[in-house]
file input10.txt (compact mmCIF, C-alpha atoms)
# COMPACT_ATOMS: atom_id res chain seq x y z
CA MET E 1 79.54 114.23 110.05
CA LYS E 2 80.14 116.25 113.21
CA HIS E 3 81.92 113.57 115.23
CA LEU E 4 84.15 110.72 114.10
CA GLY E 5 84.60 108.23 116.89
CA SER E 6 87.77 106.60 115.59
CA LEU E 7 90.18 106.98 112.68
CA LEU E 8 92.85 104.49 111.55
CA ASP E 9 95.75 104.71 109.13
CA PHE E 10 97.52 101.33 109.10
CA ALA E 11 100.48 102.64 107.05
CA CYS E 12 100.62 106.09 108.56
CA GLY E 13 104.18 107.15 107.78
CA SER E 14 104.78 110.50 109.47
CA GLY E 15 101.05 110.84 110.23
CA SER E 16 100.32 113.57 107.68
CA LEU E 17 97.21 111.88 106.28
CA LEU E 18 95.73 111.43 109.75
CA LEU E 19 96.44 115.06 110.58
CA ASN E 20 94.91 116.22 107.29
CA VAL E 21 91.69 114.36 108.04
CA ARG E 22 91.64 115.85 111.53
CA GLN E 23 92.23 119.35 110.15
CA ARG E 24 89.50 118.98 107.51
CA LEU E 25 87.00 117.70 110.03
CA LYS E 26 87.89 120.46 112.47
CA LYS E 27 87.38 123.04 109.70
CA LEU E 28 83.86 121.68 109.24
CA GLY E 29 83.17 122.00 112.95
CA GLY E 30 83.63 118.30 113.73
CA THR E 31 85.81 116.29 116.10
CA ILE E 32 87.60 112.94 116.26
CA GLY E 33 87.40 110.71 119.30
CA LYS E 34 90.76 108.96 118.82
CA ILE E 35 93.39 108.60 116.12
CA TYR E 36 95.15 105.28 115.50
CA GLY E 37 98.16 104.66 113.31
CA GLN E 38 100.66 101.94 112.52
CA GLU E 39 104.10 102.30 110.95
CA LYS E 40 106.84 99.75 110.28
CA ASN E 41 109.82 102.09 109.97
CA ILE E 42 111.05 103.04 113.45
CA THR E 43 112.33 106.47 112.43
CA THR E 44 109.08 107.37 110.68
CA TYR E 45 107.09 105.94 113.60
CA ASN E 46 108.87 108.30 116.00
CA LEU E 47 108.31 111.16 113.59
CA ALA E 48 104.57 110.39 113.48
CA ARG E 49 104.28 110.56 117.26
CA MET E 50 106.20 113.82 117.34
CA ASN E 51 104.04 115.18 114.52
CA MET E 52 100.87 114.50 116.48
CA LEU E 53 102.11 116.37 119.53
CA LEU E 54 103.43 119.29 117.47
CA HIS E 55 99.98 119.66 115.89
CA GLY E 56 98.22 119.85 119.22
CA VAL E 57 96.97 116.25 119.44
CA LYS E 58 97.13 115.17 123.09
CA ASP E 59 98.83 111.88 123.92
CA THR E 60 95.47 110.56 125.11
CA GLU E 61 93.91 111.34 121.71
CA PHE E 62 96.15 109.16 119.57
CA GLU E 63 97.90 105.81 119.56
CA ILE E 64 100.66 105.04 117.07
CA TYR E 65 102.07 101.51 116.98
CA HIS E 66 105.45 100.44 115.63
CA GLY E 67 105.02 97.19 113.73
CA ASP E 68 104.37 95.33 110.49
CA THR E 69 100.84 95.75 109.20
CA LEU E 70 100.92 92.77 106.81
CA THR E 71 101.86 90.32 109.57
CA ASN E 72 99.40 92.07 111.87
CA ASP E 73 101.68 92.07 114.88
CA TRP E 74 99.68 94.67 116.80
CA ASP E 75 98.01 92.77 119.64
CA PHE E 76 95.32 95.44 119.84
CA LEU E 77 94.09 94.35 116.39
CA ARG E 78 94.52 90.61 116.95
CA GLU E 79 91.63 90.31 119.38
CA THR E 80 89.71 87.14 118.46
CA ASN E 81 86.58 87.89 120.46
CA PRO E 82 84.19 89.55 117.99
CA ALA E 83 82.63 91.57 120.80
CA LYS E 84 86.00 93.09 121.70
CA MET E 85 87.52 93.32 118.22
CA PRO E 86 88.32 96.95 117.40
CA ARG E 87 86.34 98.50 114.55
CA PHE E 88 86.87 101.98 113.14
CA ASP E 89 84.48 104.61 111.85
CA ALA E 90 86.91 105.73 109.16
CA ILE E 91 90.07 104.24 107.68
CA VAL E 92 92.50 106.06 105.39
CA ALA E 93 95.78 104.82 103.96
CA ASN E 94 98.48 105.49 101.41
CA PRO E 95 100.48 102.25 101.65
CA PRO E 96 103.63 101.45 99.64
CA PHE E 97 102.64 100.79 96.04
CA SER E 98 103.00 97.24 94.68
CA TYR E 99 105.11 96.22 97.67
CA ARG E 100 106.68 92.76 97.35
CA TRP E 101 105.81 90.60 100.34
CA GLU E 102 106.19 87.02 101.53
CA PRO E 103 102.86 85.77 102.91
CA LYS E 104 103.20 82.88 105.33
CA ASP E 105 101.67 79.49 104.53
CA ASP E 106 98.94 79.85 107.16
CA MET E 107 97.89 83.31 106.01
CA SER E 108 95.16 81.92 103.77
CA ASP E 109 93.26 81.20 107.01
CA ASP E 110 93.93 84.70 108.34
CA VAL E 111 90.58 86.34 109.18
CA ARG E 112 91.59 89.33 107.07
CA PHE E 113 92.11 87.33 103.89
CA LYS E 114 90.13 84.10 104.08
CA ASN E 115 86.97 85.56 102.51
CA HIS E 116 88.72 87.17 99.55
CA GLY E 117 92.07 85.42 99.13
CA LEU E 118 95.72 86.36 99.35
CA ALA E 119 97.28 89.11 97.29
CA PRO E 120 100.14 87.94 95.05
CA LYS E 121 103.73 88.14 96.26
CA SER E 122 104.52 90.65 93.54
CA ALA E 123 102.10 93.28 94.89
CA ALA E 124 100.66 93.60 98.39
CA ASP E 125 98.19 96.32 97.37
CA PHE E 126 95.13 94.17 98.06
CA ALA E 127 96.70 92.75 101.22
CA PHE E 128 96.86 96.26 102.64
CA LEU E 129 93.33 96.98 101.44
CA LEU E 130 91.86 93.81 102.99
CA HIS E 131 93.71 94.40 106.25
CA GLY E 132 92.07 97.79 106.67
CA PHE E 133 88.68 96.68 105.39
CA ASP E 134 88.50 93.91 108.00
CA TYR E 135 88.60 96.51 110.78
CA LEU E 136 86.01 98.83 109.28
CA LYS E 137 82.70 99.31 111.10
CA ASP E 138 79.55 98.24 109.27
CA GLN E 139 78.59 101.88 108.76
CA GLY E 140 82.16 103.08 108.31
CA VAL E 141 84.02 104.40 105.25
CA MET E 142 87.47 103.46 104.02
CA ALA E 143 89.57 105.38 101.47
CA ILE E 144 92.85 103.96 100.22
CA ILE E 145 95.30 105.34 97.65
CA LEU E 146 96.65 102.67 95.28
CA PRO E 147 98.20 102.39 91.80
CA HIS E 148 95.81 101.95 88.87
CA GLY E 149 96.95 98.34 88.44
CA VAL E 150 94.57 97.18 91.17
CA LEU E 151 91.69 98.19 88.91
CA PHE E 152 92.50 95.79 86.10
CA ARG E 153 95.31 93.32 86.91
CA GLY E 154 94.39 89.65 86.59
CA GLY E 155 95.09 86.52 88.62
CA ALA E 156 94.62 86.68 92.38
CA GLU E 157 93.95 90.41 92.25
CA GLU E 158 91.13 89.89 89.77
CA ARG E 159 89.53 87.32 92.09
CA ILE E 160 89.77 89.65 95.09
CA ARG E 161 88.42 92.60 93.12
CA THR E 162 85.53 90.52 91.75
CA LYS E 163 84.56 89.28 95.22
CA LEU E 164 84.62 92.82 96.64
CA LEU E 165 82.42 94.03 93.79
CA LYS E 166 79.94 91.15 94.00
CA ASP E 167 79.63 91.71 97.73
CA GLY E 168 78.89 95.39 97.06
CA HIS E 169 81.85 96.80 98.94
CA ILE E 170 83.46 99.06 96.32
CA ASP E 171 81.60 102.35 96.37
CA THR E 172 83.70 104.82 94.38
CA ILE E 173 86.81 104.91 92.17
CA ILE E 174 88.60 108.26 91.89
CA GLY E 175 91.35 108.65 89.30
CA LEU E 176 93.95 111.27 90.28
CA PRO E 177 96.60 113.10 88.21
CA ALA E 178 100.15 111.83 87.82
CA ASN E 179 103.06 113.32 89.75
CA LEU E 180 101.10 114.24 92.88
CA PHE E 181 103.47 112.58 95.36
CA TYR E 182 107.18 112.95 96.06
CA SER E 183 107.62 109.17 96.17
CA THR E 184 106.24 108.42 92.70
CA GLY E 185 105.27 110.14 89.49
CA ILE E 186 102.69 107.58 88.36
CA PRO E 187 98.96 108.39 88.36
CA VAL E 188 97.10 106.87 91.30
CA CYS E 189 93.53 106.22 92.30
CA ILE E 190 91.45 106.28 95.46
CA LEU E 191 89.21 103.33 96.24
CA VAL E 192 86.34 104.15 98.59
CA LEU E 193 84.92 101.05 100.30
CA LYS E 194 81.93 100.44 102.53
CA LYS E 195 80.60 97.30 104.20
CA CYS E 196 76.97 98.39 103.87
CA LYS E 197 76.79 100.18 100.54
CA LYS E 198 73.34 101.30 99.43
CA PRO E 199 73.59 102.12 95.68
CA ASP E 200 73.82 99.13 93.32
CA ASP E 201 76.45 100.85 91.22
CA VAL E 202 80.00 102.18 91.37
CA LEU E 203 80.74 105.87 90.98
CA PHE E 204 83.73 106.61 88.75
CA ILE E 205 85.40 110.02 88.97
CA ASN E 206 88.09 110.88 86.45
CA ALA E 207 89.96 113.78 88.04
CA ALA E 208 93.22 112.96 86.26
CA GLU E 209 93.07 116.02 84.02
CA HIS E 210 92.01 118.47 86.73
CA PHE E 211 95.10 119.85 88.46
CA GLU E 212 97.49 122.77 88.60
CA LYS E 213 100.91 122.10 87.17
CA GLY E 214 103.77 122.90 89.51
CA LYS E 215 107.53 123.10 88.97
CA ARG E 216 108.21 119.68 90.45
CA GLN E 217 104.79 118.30 91.28
CA ASN E 218 101.22 118.66 90.16
CA VAL E 219 98.83 120.16 92.71
CA LEU E 220 95.15 119.71 93.49
CA THR E 221 93.77 123.14 94.37
CA GLU E 222 90.88 123.71 96.76
CA GLU E 223 88.63 124.08 93.73
CA HIS E 224 89.71 120.68 92.39
CA LEU E 225 89.23 119.04 95.78
CA GLU E 226 85.79 120.58 96.28
CA LYS E 227 84.70 119.31 92.87
CA ILE E 228 85.79 115.76 93.75
CA VAL E 229 84.11 115.88 97.16
CA ASP E 230 80.91 117.39 95.79
CA THR E 231 80.74 114.79 93.00
CA TYR E 232 81.36 111.97 95.48
CA GLN E 233 78.93 113.26 98.12
CA PHE E 234 76.01 113.72 95.74
CA ARG E 235 77.05 110.98 93.28
CA LYS E 236 76.85 113.46 90.42
CA GLU E 237 77.37 112.52 86.80
CA GLU E 238 79.23 114.79 84.41
CA THR E 239 80.40 114.15 80.86
CA ARG E 240 84.08 113.17 80.71
CA TYR E 241 84.36 113.53 84.50
CA SER E 242 82.05 111.21 86.45
CA LYS E 243 79.64 108.37 85.87
CA ARG E 244 77.59 105.91 87.93
CA VAL E 245 78.07 102.46 86.45
CA SER E 246 75.70 99.59 87.19
CA MET E 247 76.97 96.28 88.48
CA GLU E 248 75.52 94.64 85.37
CA ARG E 249 77.77 96.76 83.16
CA ILE E 250 80.80 96.08 85.36
CA ALA E 251 80.07 92.34 85.16
CA GLU E 252 79.92 92.62 81.36
CA GLU E 253 83.39 94.15 81.48
CA GLY E 254 84.71 91.17 83.45
CA TYR E 255 84.87 93.18 86.69
CA ASN E 256 87.59 95.32 85.17
CA LEU E 257 87.52 98.77 86.83
CA ASN E 258 89.81 100.60 84.42
CA ILE E 259 88.32 104.09 84.47
CA SER E 260 88.73 104.62 80.71
CA ARG E 261 86.28 101.77 80.08
CA TYR E 262 83.47 103.76 81.63
CA ILE E 263 84.40 107.42 81.16
CA SER E 264 85.53 108.58 77.75
CA THR E 265 88.08 111.38 77.78
CA ALA E 266 88.18 111.72 74.01
CA THR E 267 87.14 115.07 72.64
CA ALA E 268 84.89 115.25 69.60
CA GLU E 269 86.53 116.48 66.40
CA VAL E 270 85.55 120.02 65.50
CA GLU E 271 83.49 120.13 62.29
CA ILE E 272 84.94 122.42 59.65
CA ASP E 273 82.62 124.54 57.50
CA LEU E 274 84.39 124.36 54.14
CA ALA E 275 82.44 127.26 52.57
CA THR E 276 83.22 129.59 55.45
CA THR E 277 86.87 128.51 55.55
CA HIS E 278 87.25 129.09 51.79
CA SER E 279 85.70 132.55 52.11
CA GLN E 280 88.11 133.40 54.94
CA LEU E 281 91.12 132.23 52.91
CA VAL E 282 90.02 134.32 49.88
CA ASP E 283 89.66 137.37 52.14
CA ILE E 284 93.13 136.80 53.66
CA GLU E 285 94.64 136.48 50.16
CA LYS E 286 93.06 139.78 49.06
CA LYS E 287 94.43 141.58 52.10
CA THR E 288 97.87 140.05 51.51
CA ARG E 289 97.94 141.26 47.88
CA ALA E 290 96.81 144.72 48.90
CA ALA E 291 99.65 144.87 51.43
CA ILE E 292 102.20 143.73 48.80
CA ARG E 293 101.01 146.39 46.31
CA LYS E 294 101.40 149.11 48.93
CA HIS E 295 104.83 147.78 49.88
CA ASN E 296 105.89 147.76 46.23
CA GLU E 297 104.93 151.43 45.90
CA PHE E 298 107.39 152.26 48.70
CA LEU E 299 110.09 150.12 47.04
CA LYS E 300 109.50 151.91 43.69
CA GLU E 301 110.01 155.29 45.33
CA LEU E 302 113.32 154.03 46.74
CA GLY E 303 114.38 152.71 43.31
CA LEU E 304 114.28 149.12 44.46
CA ALA E 305 112.85 146.06 42.69
CA PRO E 306 109.25 145.28 43.64
CA LEU E 307 108.16 142.05 45.30
CA PRO E 308 106.60 139.64 42.78
CA PHE E 309 103.04 138.35 43.08
CA GLU E 310 102.52 134.60 42.98
CA LYS E 311 101.76 133.35 39.48
CA SER E 312 98.32 132.13 40.52
CA GLY E 313 97.39 135.40 42.08
CA LYS E 314 96.46 137.86 39.35
CA ASP E 315 93.93 140.51 40.43

call {"tool": "encode", "arguments": {"input": "input10.txt", "output": "structure tokens"}}
result
Amino acid sequence: MKHLGSLLDFACGSGSLLLNVRQRLKKLGGTIGKIYGQEKNITTYNLARMNMLLHGVKDTEFEIYHGDTLTNDWDFLRETNPAKMPRFDAIVANPPFSYRWEPKDDMSDDVRFKNHGLAPKSAADFAFLLHGFDYLKDQGVMAIILPHGVLFRGGAEERIRTKLLKDGHIDTIIGLPANLFYSTGIPVCILVLKKCKKPDDVLFINAAEHFEKGKRQNVLTEEHLEKIVDTYQFRKEETRYSKRVSMERIAEEGYNLNISRYISTATAEVEIDLATTHSQLVDIEKKTRAAIRKHNEFLKELGLAPLPFEKSGKD
């Protein structure tokens, strides 16, 4: 993609994810029309705006809004006329994990949630996801970082997940290593969603074991990132790393997306050749006895007592 018309991060924090996408696209020779972000914390919101300017993004090229994403208090996004409703080419987000929220009574009729249902009060993960997904263009792509619990938790989350899968909106699940972020040490996953997904399967990528261990945090090197991107782009399958799973199989699993159900990370036990191993042990024993005999000759010359052989080891 050479040009991305619009990019949104609805929980943008200091704006680092938006800037990373911009930098990556620029490295590939592409451009972004406009960057949009939303952040609830006033200090972090101001930091995001400053960050954009410090990284050479003109004030006409971005718009960061200070407000609560879950209550959707940004008037720009609350446009009710479908013809004027903003839609984005790409949406990225790393929202707070399992954030406790208090949905209002009338939120079940909210356009963002009425087709899939409300996320439970105990975890707003799917509330964030559905908020972003509602503003995605038909041909757009959304990538959101969430805890693994969204892949298998039951109740309201199971109903939302099942509806998204049946409607063909979940494209790829990417499992990442633990301890990647300063804010949490738990392993996380990336859900890639599309409104018009072509393949009738879900691509699972288990990148949890592919990282470079750091002093305080684990790191994904360029090599690790390129492998993930290449696997995603070409929907490659690789033993113990990636697999395309049919919707029929996912249905059989009760729409549970736990990566370990589809990609085995177990290593096969190494077969031991008993005859070869016995021969090697006999050879080692012979060498050991030869070394003891030589050592005993030195001890005899020094007038010292020799080392005894084991009773079972007569030559």

call {"tool": "closest_residue", "arguments": {"input": "input10.txt", "among": "E:Ser260, E:Thr80, E:Ser14, E:Gln23", "to": "E:Ala48", "atoms": "only C-alpha atoms"}}
result
E:Ser14

call {"tool": "atom_distance", "arguments": {"input": "input10.txt", "atom1": "atom CA of E:Gly132", "atom2": "atom CA of E:Leu146"}}
result
13.2 Å

call {"tool": "residues_around", "arguments": {"input": "input10.txt", "residues": "stretch 224-234 of chain E", "least_positions_apart": "2", "cutoff": "7 Å", "atoms": "all atoms listed in the file", "output": "NGL selection string"}}
result
:E and (210-211 or 220-222 or 236)

call {"tool": "write_last_selection", "arguments": {"input": "input10.txt", "atoms": "C-alpha atoms", "output": "tab-separated table (two decimals), keeping the file's coordinate frame"}}
result
chain	number	residue	atom	x	y	z
E	210	HIS	CA	92.01	118.47	86.73
E	211	PHE	CA	95.10	119.85	88.46
E	220	LEU	CA	95.15	119.71	93.49
E	221	THR	CA	93.77	123.14	94.37
E	222	GLU	CA	90.88	123.71	96.76
E	236	LYS	CA	76.85	113.46	90.42

call {"tool": "atom_distance", "arguments": {"input": "input10.txt", "atom1": "atom CA of E:Leu191", "atom2": "atom CA of E:Lys121"}}
result
21.0 Å

call {"tool": "atom_distance", "arguments": {"input": "input10.txt", "atom1": "atom CA of E:Arg112", "atom2": "atom CA of E:Phe128"}}
result
9.8 Å

call {"tool": "residues_around", "arguments": {"input": "input10.txt", "residues": "E:Ala123", "least_positions_apart": "3", "cutoff": "7 Å", "atoms": "only C-alpha atoms", "output": "number ranges by chain"}}
result
E: 98-100, 119-120

call {"tool": "decode", "arguments": {"input": "input10.txt", "residues": "stretch 41-124 of chain E", "atoms": "C-alpha atoms", "output": "PDB file, in the first residue's frame"}}
result
ATOM      1  CA  ASN E  41      -5.683  11.108  30.146  1.00  0.00           C
ATOM      2  CA  ILE E  42      -5.089  14.846  29.728  1.00  0.00           C
ATOM      3  CA  THR E  43      -1.348  14.666  30.400  1.00  0.00           C
ATOM      4  CA  THR E  44      -0.847  11.841  27.920  1.00  0.00           C
ATOM      5  CA  TYR E  45      -3.095  13.615  25.402  1.00  0.00           C
ATOM      6  CA  ASN E  46      -0.855  16.693  25.523  1.00  0.00           C
ATOM      7  CA  LEU E  47       2.193  14.467  25.213  1.00  0.00           C
ATOM      8  CA  ALA E  48       0.722  12.826  22.099  1.00  0.00           C
ATOM      9  CA  ARG E  49       0.207  16.180  20.399  1.00  0.00           C
ATOM     10  CA  MET E  50       3.732  17.247  21.281  1.00  0.00           C
ATOM     11  CA  ASN E  51       5.073  13.914  20.057  1.00  0.00           C
ATOM     12  CA  MET E  52       3.465  14.384  16.655  1.00  0.00           C
ATOM     13  CA  LEU E  53       5.026  17.808  16.176  1.00  0.00           C
ATOM     14  CA  LEU E  54       8.447  16.663  17.399  1.00  0.00           C
ATOM     15  CA  HIS E  55       8.372  13.866  14.809  1.00  0.00           C
ATOM     16  CA  GLY E  56       7.660  16.219  11.949  1.00  0.00           C
ATOM     17  CA  VAL E  57       3.903  15.672  11.633  1.00  0.00           C
ATOM     18  CA  LYS E  58       2.300  18.996  10.697  1.00  0.00           C
ATOM     19  CA  ASP E  59      -0.677  20.193  12.723  1.00  0.00           C
ATOM     20  CA  THR E  60      -2.824  19.852   9.597  1.00  0.00           C
ATOM     21  CA  GLU E  61      -1.821  16.182   9.269  1.00  0.00           C
ATOM     22  CA  PHE E  62      -3.137  14.959  12.604  1.00  0.00           C
ATOM     23  CA  GLU E  63      -6.027  15.403  15.002  1.00  0.00           C
ATOM     24  CA  ILE E  64      -5.810  14.167  18.587  1.00  0.00           C
ATOM     25  CA  TYR E  65      -8.924  14.389  20.754  1.00  0.00           C
ATOM     26  CA  HIS E  66      -9.073  14.422  24.543  1.00  0.00           C
ATOM     27  CA  GLY E  67     -11.983  12.289  25.667  1.00  0.00           C
ATOM     28  CA  ASP E  68     -13.384   8.929  26.746  1.00  0.00           C
ATOM     29  CA  THR E  69     -13.475   6.375  23.951  1.00  0.00           C
ATOM     30  CA  LEU E  70     -15.952   4.010  25.652  1.00  0.00           C
ATOM     31  CA  THR E  71     -18.584   6.726  26.075  1.00  0.00           C
ATOM     32  CA  ASN E  72     -17.758   7.974  22.584  1.00  0.00           C
ATOM     33  CA  ASP E  73     -17.791  11.641  23.516  1.00  0.00           C
ATOM     34  CA  TRP E  74     -15.984  12.785  20.369  1.00  0.00           C
ATOM     35  CA  ASP E  75     -18.622  14.581  18.288  1.00  0.00           C
ATOM     36  CA  PHE E  76     -16.608  13.883  15.150  1.00  0.00           C
ATOM     37  CA  LEU E  77     -17.338  10.162  15.590  1.00  0.00           C
ATOM     38  CA  ARG E  78     -20.960  10.582  16.698  1.00  0.00           C
ATOM     39  CA  GLU E  79     -22.224  11.625  13.280  1.00  0.00           C
ATOM     40  CA  THR E  80     -25.520   9.798  12.686  1.00  0.00           C
ATOM     41  CA  ASN E  81     -25.743  10.436   8.954  1.00  0.00           C
ATOM     42  CA  PRO E  82     -24.211   7.341   7.324  1.00  0.00           C
ATOM     43  CA  ALA E  83     -23.025   9.431   4.385  1.00  0.00           C
ATOM     44  CA  LYS E  84     -21.038  11.710   6.691  1.00  0.00           C
ATOM     45  CA  MET E  85     -19.942   9.150   9.288  1.00  0.00           C
ATOM     46  CA  PRO E  86     -16.143   8.975   9.409  1.00  0.00           C
ATOM     47  CA  ARG E  87     -14.578   5.694   8.316  1.00  0.00           C
ATOM     48  CA  PHE E  88     -10.881   4.862   8.446  1.00  0.00           C
ATOM     49  CA  ASP E  89      -8.601   2.925   6.138  1.00  0.00           C
ATOM     50  CA  ALA E  90      -6.601   1.511   9.036  1.00  0.00           C
ATOM     51  CA  ILE E  91      -7.172   1.303  12.778  1.00  0.00           C
ATOM     52  CA  VAL E  92      -4.557   0.310  15.349  1.00  0.00           C
ATOM     53  CA  ALA E  93      -4.866   0.217  19.125  1.00  0.00           C
ATOM     54  CA  ASN E  94      -3.270  -0.987  22.320  1.00  0.00           C
ATOM     55  CA  PRO E  95      -6.040  -0.205  24.825  1.00  0.00           C
ATOM     56  CA  PRO E  96      -5.861  -0.845  28.587  1.00  0.00           C
ATOM     57  CA  PHE E  97      -6.104  -4.585  29.200  1.00  0.00           C
ATOM     58  CA  SER E  98      -9.246  -5.938  30.897  1.00  0.00           C
ATOM     59  CA  TYR E  99     -10.296  -2.433  31.938  1.00  0.00           C
ATOM     60  CA  ARG E 100     -13.272  -2.353  34.313  1.00  0.00           C
ATOM     61  CA  TRP E 101     -16.024  -0.115  32.960  1.00  0.00           C
ATOM     62  CA  GLU E 102     -19.605   0.864  33.744  1.00  0.00           C
ATOM     63  CA  PRO E 103     -21.693   0.709  30.558  1.00  0.00           C
ATOM     64  CA  LYS E 104     -24.814   2.847  30.680  1.00  0.00           C
ATOM     65  CA  ASP E 105     -28.269   1.268  30.442  1.00  0.00           C
ATOM     66  CA  ASP E 106     -28.889   2.612  26.937  1.00  0.00           C
ATOM     67  CA  MET E 107     -25.562   1.386  25.568  1.00  0.00           C
ATOM     68  CA  SER E 108     -27.093  -1.843  24.293  1.00  0.00           C
ATOM     69  CA  ASP E 109     -28.687   0.310  21.575  1.00  0.00           C
ATOM     70  CA  ASP E 110     -25.393   2.047  20.810  1.00  0.00           C
ATOM     71  CA  VAL E 111     -24.610   1.596  17.097  1.00  0.00           C
ATOM     72  CA  ARG E 112     -21.174   0.282  18.044  1.00  0.00           C
ATOM     73  CA  PHE E 113     -22.491  -2.562  20.183  1.00  0.00           C
ATOM     74  CA  LYS E 114     -26.031  -3.409  19.136  1.00  0.00           C
ATOM     75  CA  ASN E 115     -24.996  -5.998  16.529  1.00  0.00           C
ATOM     76  CA  HIS E 116     -22.612  -7.896  18.794  1.00  0.00           C
ATOM     77  CA  GLY E 117     -23.571  -7.071  22.382  1.00  0.00           C
ATOM     78  CA  LEU E 118     -21.969  -5.348  25.338  1.00  0.00           C
ATOM     79  CA  ALA E 119     -18.666  -6.410  26.818  1.00  0.00           C
ATOM     80  CA  PRO E 120     -18.859  -7.407  30.503  1.00  0.00           C
ATOM     81  CA  LYS E 121     -18.150  -4.854  33.212  1.00  0.00           C
ATOM     82  CA  SER E 122     -15.126  -6.855  34.309  1.00  0.00           C
ATOM     83  CA  ALA E 123     -13.284  -6.391  30.996  1.00  0.00           C
ATOM     84  CA  ALA E 124     -13.835  -3.735  28.333  1.00  0.00           C
TER      85      ALA E 124
END
